[in-house]
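Notes follow the structure.
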Amino acid sequence: MEKIKFKLREFAKERDWDQFHSPKNLSMALSSEVGELLDLLQWKSEKNSEVDKLSEKELDHIREELADIFLYLIRIADKLDVNLIEVAEKKIIKNGIKYPVKISKGNSKKYNRRDE
Ligand SMILES: [Mg+2]
C-alpha cells in the first residue's frame, strides 16, 4: 500500500497534477470510477454478475475499474493523511458492534431499520 501511495505521488508530481488533486476532485473521480464499474454490471441479473458467469473480457474491464477505484481511494487517503488499513480495521470492529451475529445472521436489514 505504501509503495503504491508513493508511486501515485510520483505520477502526479511528474505531470504537475497535484494542483488538481484536491480531496473534492479526487472524490468525484472516485465516484466516476465506481460508476464505470456499475456500468459493467448494472443490467446483469445478480446471478450473472458472479465471477463464473462473466467472460474473461468482462472480468478484465472489471479488474481495471477496481484498480482505478483502489488507486483513487489510496490517493484521497494520502491527501487527507488517513491510514486506510488502520481506519478499515477500526470500521470492521465498529460494524461488528452495529451488526452483532446474533441479530444480523442471515438478515440484510440495515441496523437502523431492524424494527420495520
Ligand atoms: Mg476507469
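Going through the C-alpha cells in order, the chains are called A, B, and so on, while each chain numbers its residues from 1 and the ligands are numbered from 1 in the order shown.
Around ligand 1, using only C-alpha atoms and all ligand atoms and a cut-off of 10 Å, the residues in contact are Ala29, Leu30, Ser32, Glu33, Val34, Gly35, Glu36, Leu37, His61, Ile62, Arg63, Glu64, Glu65, Leu66, Ala67, Asp68 and Ile69 of chain A.
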Sel. of helix (DSSP H, G or I) residues, range 36-90 of chain A, as a ChimeraX atom specification: /A:36-41,47-49,51-53,56-79,84-90
Would you export the selected residues with N, CA and C atoms as a tab-separated table (two decimals), in the first residue's frame, please?
```tsv
chain	number	residue	atom	x	y	z
A	36	GLU	N	-18.26	3.63	-13.49
A	36	GLU	CA	-17.78	2.78	-14.59
A	36	GLU	C	-17.91	1.30	-14.23
A	37	LEU	N	-17.65	0.98	-12.97
A	37	LEU	CA	-17.83	-0.41	-12.52
A	37	LEU	C	-19.30	-0.80	-12.60
A	38	LEU	N	-20.15	0.10	-12.12
A	38	LEU	CA	-21.59	-0.17	-12.16
A	38	LEU	C	-22.08	-0.37	-13.59
A	39	ASP	N	-21.54	0.43	-14.49
A	39	ASP	CA	-21.93	0.34	-15.89
A	39	ASP	C	-21.67	-1.07	-16.46
A	40	LEU	N	-20.63	-1.71	-15.97
A	40	LEU	CA	-20.29	-3.06	-16.46
A	40	LEU	C	-21.24	-4.13	-15.91
A	41	LEU	N	-21.89	-3.82	-14.79
A	41	LEU	CA	-22.70	-4.84	-14.12
A	41	LEU	C	-24.19	-4.54	-14.04
A	47	LYS	N	-27.27	-13.25	-10.42
A	47	LYS	CA	-26.56	-14.49	-10.73
A	47	LYS	C	-25.52	-14.29	-11.84
A	48	ASN	N	-25.90	-13.52	-12.86
A	48	ASN	CA	-24.98	-13.30	-13.98
A	48	ASN	C	-23.86	-12.30	-13.68
A	49	SER	N	-23.89	-11.71	-12.49
A	49	SER	CA	-22.79	-10.83	-12.10
A	49	SER	C	-21.71	-11.59	-11.31
A	51	VAL	N	-18.64	-14.28	-10.65
A	51	VAL	CA	-17.39	-14.47	-11.40
A	51	VAL	C	-17.47	-15.58	-12.45
A	52	ASP	N	-18.16	-16.66	-12.14
A	52	ASP	CA	-18.23	-17.78	-13.07
A	52	ASP	C	-19.16	-17.53	-14.26
A	53	LYS	N	-19.90	-16.44	-14.23
A	53	LYS	CA	-20.82	-16.11	-15.33
A	53	LYS	C	-20.26	-15.00	-16.22
A	56	GLU	N	-14.01	-13.52	-19.82
A	56	GLU	CA	-12.68	-13.04	-19.47
A	56	GLU	C	-12.55	-11.55	-19.84
A	57	LYS	N	-13.18	-11.16	-20.94
A	57	LYS	CA	-13.14	-9.76	-21.37
A	57	LYS	C	-13.86	-8.87	-20.33
A	58	GLU	N	-15.01	-9.33	-19.87
A	58	GLU	CA	-15.74	-8.56	-18.85
A	58	GLU	C	-14.93	-8.47	-17.56
A	59	LEU	N	-14.33	-9.59	-17.18
A	59	LEU	CA	-13.52	-9.58	-15.96
A	59	LEU	C	-12.32	-8.65	-16.08
A	60	ASP	N	-11.75	-8.58	-17.28
A	60	ASP	CA	-10.63	-7.65	-17.50
A	60	ASP	C	-11.07	-6.21	-17.27
A	61	HIS	N	-12.23	-5.86	-17.81
A	61	HIS	CA	-12.76	-4.50	-17.61
A	61	HIS	C	-13.02	-4.24	-16.13
A	62	ILE	N	-13.62	-5.22	-15.48
A	62	ILE	CA	-13.92	-5.07	-14.04
A	62	ILE	C	-12.63	-4.90	-13.24
A	63	ARG	N	-11.62	-5.69	-13.57
A	63	ARG	CA	-10.33	-5.57	-12.87
A	63	ARG	C	-9.77	-4.16	-13.03
A	64	GLU	N	-9.88	-3.62	-14.23
A	64	GLU	CA	-9.36	-2.26	-14.47
A	64	GLU	C	-10.12	-1.22	-13.66
A	65	GLU	N	-11.42	-1.35	-13.60
A	65	GLU	CA	-12.20	-0.37	-12.83
A	65	GLU	C	-11.93	-0.51	-11.34
A	66	LEU	N	-11.79	-1.73	-10.87
A	66	LEU	CA	-11.44	-1.94	-9.45
A	66	LEU	C	-10.08	-1.31	-9.14
A	67	ALA	N	-9.16	-1.43	-10.07
A	67	ALA	CA	-7.84	-0.82	-9.87
A	67	ALA	C	-7.97	0.70	-9.83
A	68	ASP	N	-8.77	1.28	-10.73
A	68	ASP	CA	-8.98	2.74	-10.71
A	68	ASP	C	-9.55	3.18	-9.37
A	69	ILE	N	-10.54	2.44	-8.89
A	69	ILE	CA	-11.19	2.76	-7.61
A	69	ILE	C	-10.17	2.69	-6.48
A	70	PHE	N	-9.41	1.62	-6.47
A	70	PHE	CA	-8.40	1.41	-5.43
A	70	PHE	C	-7.36	2.54	-5.44
A	71	LEU	N	-6.91	2.90	-6.63
A	71	LEU	CA	-5.88	3.94	-6.73
A	71	LEU	C	-6.39	5.31	-6.28
A	72	TYR	N	-7.60	5.65	-6.68
A	72	TYR	CA	-8.17	6.93	-6.21
A	72	TYR	C	-8.38	6.91	-4.70
A	73	LEU	N	-8.81	5.79	-4.19
A	73	LEU	CA	-9.01	5.67	-2.74
A	73	LEU	C	-7.69	5.90	-1.99
A	74	ILE	N	-6.66	5.29	-2.47
A	74	ILE	CA	-5.34	5.46	-1.85
A	74	ILE	C	-4.89	6.92	-1.94
A	75	ARG	N	-5.11	7.51	-3.09
A	75	ARG	CA	-4.70	8.91	-3.31
A	75	ARG	C	-5.47	9.87	-2.39
A	76	ILE	N	-6.77	9.65	-2.27
A	76	ILE	CA	-7.58	10.50	-1.38
A	76	ILE	C	-7.09	10.35	0.06
A	77	ALA	N	-6.90	9.11	0.47
A	77	ALA	CA	-6.43	8.86	1.84
A	77	ALA	C	-5.08	9.54	2.07
A	78	ASP	N	-4.21	9.49	1.08
A	78	ASP	CA	-2.91	10.14	1.19
A	78	ASP	C	-3.07	11.64	1.37
A	79	LYS	N	-3.92	12.25	0.54
A	79	LYS	CA	-4.11	13.71	0.61
A	79	LYS	C	-4.74	14.13	1.94
A	84	LEU	N	-5.41	4.04	5.65
A	84	LEU	CA	-6.56	3.24	5.24
A	84	LEU	C	-6.67	1.92	6.01
A	85	ILE	N	-5.54	1.26	6.22
A	85	ILE	CA	-5.56	-0.03	6.93
A	85	ILE	C	-6.08	0.17	8.36
A	86	GLU	N	-5.58	1.20	9.00
A	86	GLU	CA	-5.98	1.49	10.38
A	86	GLU	C	-7.48	1.80	10.46
A	87	VAL	N	-7.97	2.68	9.58
A	87	VAL	CA	-9.39	3.04	9.67
A	87	VAL	C	-10.28	1.88	9.23
A	88	ALA	N	-9.80	1.06	8.30
A	88	ALA	CA	-10.59	-0.10	7.87
A	88	ALA	C	-10.72	-1.09	9.02
A	89	GLU	N	-9.62	-1.32	9.74
A	89	GLU	CA	-9.68	-2.24	10.87
A	89	GLU	C	-10.63	-1.72	11.95
A	90	LYS	N	-10.58	-0.43	12.21
A	90	LYS	CA	-11.48	0.18	13.21
A	90	LYS	C	-12.93	0.04	12.75
```
For CA of Arg9 in chain A and CA of His21 in chain A, quote the distance in Å rounded to one decimal.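 Value for the CA of Arg9 in chain A-CA of His21 in chain A distance: 10.2 Å.
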How many Å separate CA of Phe11 in chain A from CA of Leu26 in chain A?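 Value for the CA of Phe11 in chain A-CA of Leu26 in chain A distance: 14.4 Å.
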I'd like the interatomic distance between CA of Trp17 in chain A and CA of Leu80 in chain A, to a tenth of an Å.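 Spanning CA of Trp17 in chain A to CA of Leu80 in chain A is a straight-line distance of 16.4 Å.
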I'd like the contact shell of range 91-101 of chain A - 12 Å cut-off, only C-alpha atoms, skipping same-chain residues fewer than 5 positions apart - returned as a PyMOL selection string. chain A and resi 84-86+106-114
Next, dump the selected residues to file, keeping only C-alpha atoms, as an mmCIF file, in the first residue's frame.
```
data_model
loop_
_atom_site.group_PDB
_atom_site.id
_atom_site.type_symbol
_atom_site.label_atom_id
_atom_site.label_comp_id
_atom_site.auth_asym_id
_atom_site.auth_seq_id
_atom_site.Cartn_x
_atom_site.Cartn_y
_atom_site.Cartn_z
ATOM 1 C CA LEU A 84 -6.561 3.238 5.244
ATOM 2 C CA ILE A 85 -5.560 -0.027 6.927
ATOM 3 C CA GLU A 86 -5.983 1.494 10.376
ATOM 4 C CA GLY A 106 -28.994 -14.130 7.576
ATOM 5 C CA ASN A 107 -30.619 -10.691 7.833
ATOM 6 C CA SER A 108 -29.727 -7.924 5.378
ATOM 7 C CA LYS A 109 -31.649 -5.154 7.146
ATOM 8 C CA LYS A 110 -29.725 -2.003 7.959
ATOM 9 C CA TYR A 111 -29.091 -1.543 11.691
ATOM 10 C CA ASN A 112 -31.462 1.423 11.925
ATOM 11 C CA ARG A 113 -34.283 -0.413 10.137
ATOM 12 C CA ARG A 114 -34.480 -3.577 12.200
#
```
